[in-house]
Amino acid sequence: MHQGSTPTGQPESHHLTRRGFLGATLAAAGLGVAVYSGTHARHEFEITRLTIPIRDLPDGFENFRIVQISDIHLEEFTEAYFLEQMVAQTNAMAPDLVLVTGDFVSRGPLSLAASWRAAGLAAEILSTLKAPQRFGILGNHDVNVGADHVIPPLEAHGTPILVDSYFPLERGRDVIWLCGANDAGTRTPDLNFAIPPNPRAPVIFMCHEPDYVENVILHPRFPLIDLMLSGHSHGGQIRLPILGPLILPPMGQKYVEGMFQFDHMQLYVNRGIGTVGLPFRLNCPAELTHFTLVRAAESALAPAPATARWPRASSSRARLPRS
Ligand SMILES: [Fe+2]
């Protein structure tokens, strides 16, 4: 008997059952992906290792090693134990300098008071970093939570925050400049304060929002910058085949992750270690980036097309057991 032709409704019932079964299967698969993204994949991380050629790098900074941590978003979803693991991984790399490129905390489902407490906890955990020096910049969430509540605990625990300001890193008689922009998503950075006017040495510039690079390259002091470090995008958090990254914030939509070249300046966008909005990562692991500075050969300084991906990254993916 052909389905749908009897008056009893049996075939329709059978049809609905099959549809229901398919729906239940898809729902179960979706739930499985969600559980995997929220528990397992969110705690996967990669260490990306890059060698960065820098113009006229002083001898004292040859093979200088920097680890970048970004977008911690502590306690929106990022657990303290996961940040502690990232600190342990960073300490194991024994860098000369650690840079945290914004969004220590979140302006999300937590109350403001809870976010302020999270800033204190982030400051305490980051104080266990063993690198000789560390610095940070503000992200949009830090400003929305309140810079006056985020900066003091960090600085009290030994993580200075650069807000449209710069600092000389010294090795013997050699210097390079570390610069930090105000958050470009919530405020307007003043690059005349963020970048020294006459550095006579390499310049590393931190700005939370990577798409702000399009303002940077128009500024008269752009030619002074060698390396720009950003975060903010989280790499999209959830990356699906064909669809690509699903969650991209304003000012983190064009330069989503990895290395880009603008004339002589390199921009690196770190995927961060936390999440916002949804406690999910999929095909987009958290990231620590390890940079080794080397003096650039003259031939390496030829202008390259903007937004070219850098080909020399090596990375390894890992997931640690919860301690
Ligand atoms: Fe951000």
# chains A, B, ... in the order shown; residues from 1 in each chain; ligands from 1

$ residues_around --residues "Asp190 (chain A)" --least-positions-apart "6" --cutoff "8 Å" --atoms "only C-alpha atoms" --output "VMD selection string"
chain A and resid 164 181 to 182

$ residues_around --residues "Asp142 (chain A)" --least-positions-apart "6" --cutoff "8 Å" --atoms "only C-alpha atoms" --output "list in words"
Gly102, Asp103, Phe104, Val105, Ser106, Arg107 and Val150 of chain A

$ closest_residue --among "A:Ala147, A:Val175, A:Met228, A:Leu83" --to "Arg200 (chain A)" --atoms "only C-alpha atoms"
A:Val175

$ residues_near_ligand --ligand "ligand 1" --cutoff "10 Å" --atoms "only C-alpha atoms and all ligand atoms" --output "PyMOL selection string"
chain A and resi 70-73+101-106+138-143+183-186+208-210+230-234+248-252+272+275-276

$ select_by_dssp --residues "region 112-295 of chain A" --states "strand (DSSP E or B)" --output "VMD selection string"
chain A and resid 133 to 137 161 165 to 171 174 to 180 203 to 206 227 to 230 238 to 240 244 to 245 258 to 263 265 to 269 282 286 to 295

$ residues_around --residues "Thr51 (chain A)" --least-positions-apart "6" --cutoff "7 Å" --atoms "only C-alpha atoms" --output "ChimeraX atom specification"
/A:291-294

$ write_last_selection --atoms "C-alpha atoms" --output "PDB file, in the first residue's frame"
ATOM      1  CA  PHE A 291      58.111  35.059  18.495  1.00  0.00           C
ATOM      2  CA  THR A 292      61.861  35.021  18.005  1.00  0.00           C
ATOM      3  CA  LEU A 293      63.293  38.316  16.778  1.00  0.00           C
ATOM      4  CA  VAL A 294      66.177  38.209  14.305  1.00  0.00           C
TER       5      VAL A 294
END

$ residues_around --residues "region 279-290 of chain A" --least-positions-apart "3" --cutoff "9 Å" --atoms "only C-alpha atoms" --output "ChimeraX atom specification"
/A:33-51,65-70,76-78,86,89-90,93,95,234-240,245,270-276,315,317

$ write_last_selection --atoms "N, CA and C atoms" --output "compact mmCIF listing (two decimals), in the first residue's frame"
# COMPACT_ATOMS: atom_id res chain seq x y z
N VAL A 33 28.13 18.03 19.02
CA VAL A 33 29.10 19.04 18.56
C VAL A 33 29.21 20.16 19.59
N ALA A 34 28.06 20.57 20.15
CA ALA A 34 28.08 21.65 21.14
C ALA A 34 28.87 21.22 22.38
N VAL A 35 28.62 20.00 22.83
CA VAL A 35 29.34 19.52 24.02
C VAL A 35 30.83 19.43 23.72
N TYR A 36 31.15 18.92 22.53
CA TYR A 36 32.56 18.81 22.14
C TYR A 36 33.19 20.21 22.06
N SER A 37 32.47 21.17 21.45
CA SER A 37 33.02 22.53 21.28
C SER A 37 33.19 23.21 22.63
N GLY A 38 32.24 22.94 23.54
CA GLY A 38 32.26 23.66 24.81
C GLY A 38 33.18 23.05 25.85
N THR A 39 33.46 21.76 25.73
CA THR A 39 34.28 21.11 26.74
C THR A 39 35.67 20.78 26.21
N HIS A 40 35.72 20.01 25.12
CA HIS A 40 37.02 19.55 24.62
C HIS A 40 37.70 20.62 23.76
N ALA A 41 37.04 21.03 22.67
CA ALA A 41 37.69 21.92 21.71
C ALA A 41 38.03 23.27 22.32
N ARG A 42 37.22 23.73 23.28
CA ARG A 42 37.49 25.05 23.89
C ARG A 42 38.78 25.03 24.70
N HIS A 43 39.20 23.84 25.10
CA HIS A 43 40.42 23.74 25.89
C HIS A 43 41.61 23.22 25.10
N GLU A 44 41.42 23.08 23.80
CA GLU A 44 42.59 22.79 22.95
C GLU A 44 43.36 24.09 22.76
N PHE A 45 44.65 23.98 22.62
CA PHE A 45 45.43 25.19 22.33
C PHE A 45 46.59 24.84 21.42
N GLU A 46 47.05 25.85 20.71
CA GLU A 46 48.22 25.70 19.85
C GLU A 46 49.29 26.67 20.30
N ILE A 47 50.52 26.24 20.20
CA ILE A 47 51.64 27.17 20.34
C ILE A 47 52.16 27.43 18.94
N THR A 48 52.01 28.67 18.49
CA THR A 48 52.48 29.07 17.16
C THR A 48 53.87 29.67 17.33
N ARG A 49 54.82 29.18 16.57
CA ARG A 49 56.21 29.66 16.68
C ARG A 49 56.59 30.38 15.39
N LEU A 50 57.02 31.61 15.53
CA LEU A 50 57.36 32.43 14.38
C LEU A 50 58.72 33.10 14.58
N THR A 51 59.48 33.16 13.52
CA THR A 51 60.71 33.94 13.51
C THR A 51 60.40 35.26 12.79
N ARG A 65 63.08 36.64 22.67
CA ARG A 65 61.89 35.78 22.55
C ARG A 65 60.71 36.37 23.33
N ILE A 66 59.60 36.46 22.64
CA ILE A 66 58.37 37.06 23.18
C ILE A 66 57.25 36.03 23.09
N VAL A 67 56.45 35.91 24.14
CA VAL A 67 55.21 35.14 24.06
C VAL A 67 54.03 36.09 24.17
N GLN A 68 53.11 35.97 23.22
CA GLN A 68 51.88 36.77 23.23
C GLN A 68 50.72 35.91 23.74
N ILE A 69 50.02 36.47 24.73
CA ILE A 69 48.77 35.89 25.25
C ILE A 69 47.68 36.92 24.98
N SER A 70 46.50 36.49 24.60
CA SER A 70 45.46 37.48 24.29
C SER A 70 44.08 36.98 24.70
N GLU A 76 34.26 34.72 32.28
CA GLU A 76 32.99 34.67 31.55
C GLU A 76 32.76 33.19 31.24
N PHE A 77 33.76 32.60 30.57
CA PHE A 77 33.75 31.15 30.41
C PHE A 77 35.13 30.56 30.73
N THR A 78 36.18 31.36 30.57
CA THR A 78 37.53 30.85 30.80
C THR A 78 37.75 30.58 32.28
N MET A 86 47.91 27.97 30.77
CA MET A 86 48.55 28.79 29.74
C MET A 86 49.80 29.49 30.31
N GLN A 89 52.47 26.85 30.43
CA GLN A 89 53.03 26.62 29.09
C GLN A 89 53.96 27.77 28.69
N THR A 90 53.56 28.98 29.04
CA THR A 90 54.41 30.15 28.73
C THR A 90 55.72 30.06 29.51
N MET A 93 58.27 27.89 28.04
CA MET A 93 58.99 28.42 26.87
C MET A 93 60.08 29.40 27.29
N PRO A 95 60.32 32.70 27.88
CA PRO A 95 60.54 33.87 27.01
C PRO A 95 61.22 35.01 27.79
N HIS A 234 39.44 36.35 18.14
CA HIS A 234 39.34 34.96 18.59
C HIS A 234 39.41 33.99 17.40
N GLY A 235 39.88 34.47 16.27
CA GLY A 235 39.94 33.62 15.08
C GLY A 235 38.56 33.22 14.57
N GLY A 236 37.53 33.82 15.15
CA GLY A 236 36.17 33.45 14.76
C GLY A 236 35.50 32.48 15.72
N GLN A 237 36.29 31.90 16.64
CA GLN A 237 35.82 30.94 17.65
C GLN A 237 35.28 29.64 17.07
N ILE A 238 34.31 29.73 16.16
CA ILE A 238 33.72 28.53 15.56
C ILE A 238 33.93 28.65 14.05
N ARG A 239 34.67 27.69 13.52
CA ARG A 239 34.96 27.75 12.08
C ARG A 239 34.40 26.50 11.42
N LEU A 240 33.44 26.71 10.54
CA LEU A 240 32.78 25.59 9.87
C LEU A 240 33.27 25.49 8.44
N PRO A 245 34.71 31.32 9.65
CA PRO A 245 34.52 31.78 11.03
C PRO A 245 33.13 32.36 11.24
N ASN A 270 46.55 37.15 17.05
CA ASN A 270 46.49 35.95 17.91
C ASN A 270 45.01 35.59 18.15
N ARG A 271 44.69 34.30 18.17
CA ARG A 271 43.30 33.86 18.33
C ARG A 271 42.79 33.94 19.77
N GLY A 272 43.68 34.24 20.72
CA GLY A 272 43.26 34.35 22.11
C GLY A 272 43.09 33.01 22.78
N ILE A 273 42.79 33.07 24.09
CA ILE A 273 42.59 31.81 24.82
C ILE A 273 41.17 31.69 25.36
N GLY A 274 40.39 32.76 25.35
CA GLY A 274 39.05 32.72 25.90
C GLY A 274 37.98 32.74 24.82
N THR A 275 36.72 32.81 25.29
CA THR A 275 35.60 32.92 24.37
C THR A 275 34.63 33.97 24.92
N VAL A 276 33.83 34.51 24.02
CA VAL A 276 32.75 35.41 24.43
C VAL A 276 31.46 34.98 23.74
N SER A 315 53.37 25.19 14.26
CA SER A 315 52.55 25.13 15.45
C SER A 315 52.32 23.69 15.85
N ARG A 317 49.45 21.42 18.30
CA ARG A 317 48.19 21.50 19.03
C ARG A 317 48.24 20.54 20.22

$ atom_distance --atom1 "CA of Arg173 (chain A)" --atom2 "CA of Glu298 (chain A)"
23.6 Å

$ residues_around --residues "region 117-122 of chain A" --least-positions-apart "4" --cutoff "8 Å" --atoms "only C-alpha atoms" --output "JSON, numbers by chain"
{"A": [74, 75, 80, 104, 105, 113, 126, 149, 150, 153, 154]}

$ write_last_selection --atoms "N, CA and C atoms" --output "CSV table (one decimal), in the first residue's frame"
chain,number,residue,atom,x,y,z
A,74,LEU,N,38.7,36.1,31.5
A,74,LEU,CA,38.6,35.3,32.6
A,74,LEU,C,37.2,35.3,33.3
A,75,GLU,N,36.7,34.1,33.5
A,75,GLU,CA,35.5,33.8,34.3
A,75,GLU,C,34.2,34.2,33.5
A,80,ALA,N,39.8,29.6,35.7
A,80,ALA,CA,41.2,30.0,36.2
A,80,ALA,C,42.2,28.9,36.0
A,104,PHE,N,41.3,41.1,29.3
A,104,PHE,CA,41.6,40.3,30.4
A,104,PHE,C,40.3,39.7,31.0
A,105,VAL,N,39.3,40.5,30.9
A,105,VAL,CA,38.0,40.1,31.5
A,105,VAL,C,36.9,40.4,30.4
A,113,ALA,N,30.7,43.8,39.3
A,113,ALA,CA,31.5,43.4,40.5
A,113,ALA,C,32.2,42.1,40.3
A,126,LEU,N,48.5,36.0,36.4
A,126,LEU,CA,49.6,36.4,35.5
A,126,LEU,C,50.9,36.8,36.3
A,149,HIS,N,39.1,49.8,37.0
A,149,HIS,CA,39.0,48.6,37.9
A,149,HIS,C,39.9,47.4,37.3
A,150,VAL,N,40.4,47.6,36.1
A,150,VAL,CA,41.2,46.5,35.5
A,150,VAL,C,42.7,46.8,35.6
A,153,PRO,N,44.7,46.5,39.6
A,153,PRO,CA,45.2,45.1,40.1
A,153,PRO,C,46.3,44.6,39.2
A,154,LEU,N,46.2,44.8,37.9
A,154,LEU,CA,47.3,44.2,37.0
A,154,LEU,C,48.6,44.9,37.4

$ atom_distance --atom1 "CA of Gln133 (chain A)" --atom2 "CA of Ile176 (chain A)"
13.5 Å

$ closest_residue --among "A:Ile242, A:Leu162, A:Val100, A:Ala94" --to "Pro132 (chain A)" --atoms "only C-alpha atoms"
A:Ala94

$ atom_distance --atom1 "CA of Ile195 (chain A)" --atom2 "CA of Val163 (chain A)"
10.9 Å

$ closest_residue --among "A:Ala156, A:Ala88, A:Leu227, A:Leu97" --to "Ala131 (chain A)" --atoms "only C-alpha atoms"
A:Leu97

$ residues_around --residues "Ala297 (chain A)" --least-positions-apart "4" --cutoff "9 Å" --atoms "only C-alpha atoms" --output "number ranges by chain"
A: 53-56, 301

$ write_last_selection --atoms "C-alpha atoms" --output "PDB file, in the first residue's frame"
ATOM      1  CA  PRO A  53      62.924  39.557  10.885  1.00  0.00           C
ATOM      2  CA  ILE A  54      63.293  43.113  12.197  1.00  0.00           C
ATOM      3  CA  ARG A  55      65.103  45.987  10.495  1.00  0.00           C
ATOM      4  CA  ASP A  56      68.310  47.024  12.215  1.00  0.00           C
ATOM      5  CA  LEU A 301      62.732  44.312   3.600  1.00  0.00           C
TER       6      LEU A 301
END

$ select_by_dssp --residues "region 44-266 of chain A" --states "helix (DSSP H, G or I)" --output "JSON, numbers by chain"
{"A": [59, 60, 61, 80, 81, 82, 83, 84, 85, 86, 87, 88, 89, 90, 91, 92, 93, 112, 113, 114, 115, 116, 117, 118, 119, 120, 121, 122, 123, 124, 125, 126, 140, 141, 142, 143, 144, 145, 147, 148, 149, 150, 151, 152, 153, 154, 155, 156, 191, 192, 193, 194, 210, 211, 212, 213, 214, 215, 216, 222, 223, 224, 234, 235, 236]}

$ closest_residue --among "A:Ile204, A:Arg187, A:Arg171, A:Asn192" --to "Pro220 (chain A)" --atoms "only C-alpha atoms"
A:Asn192
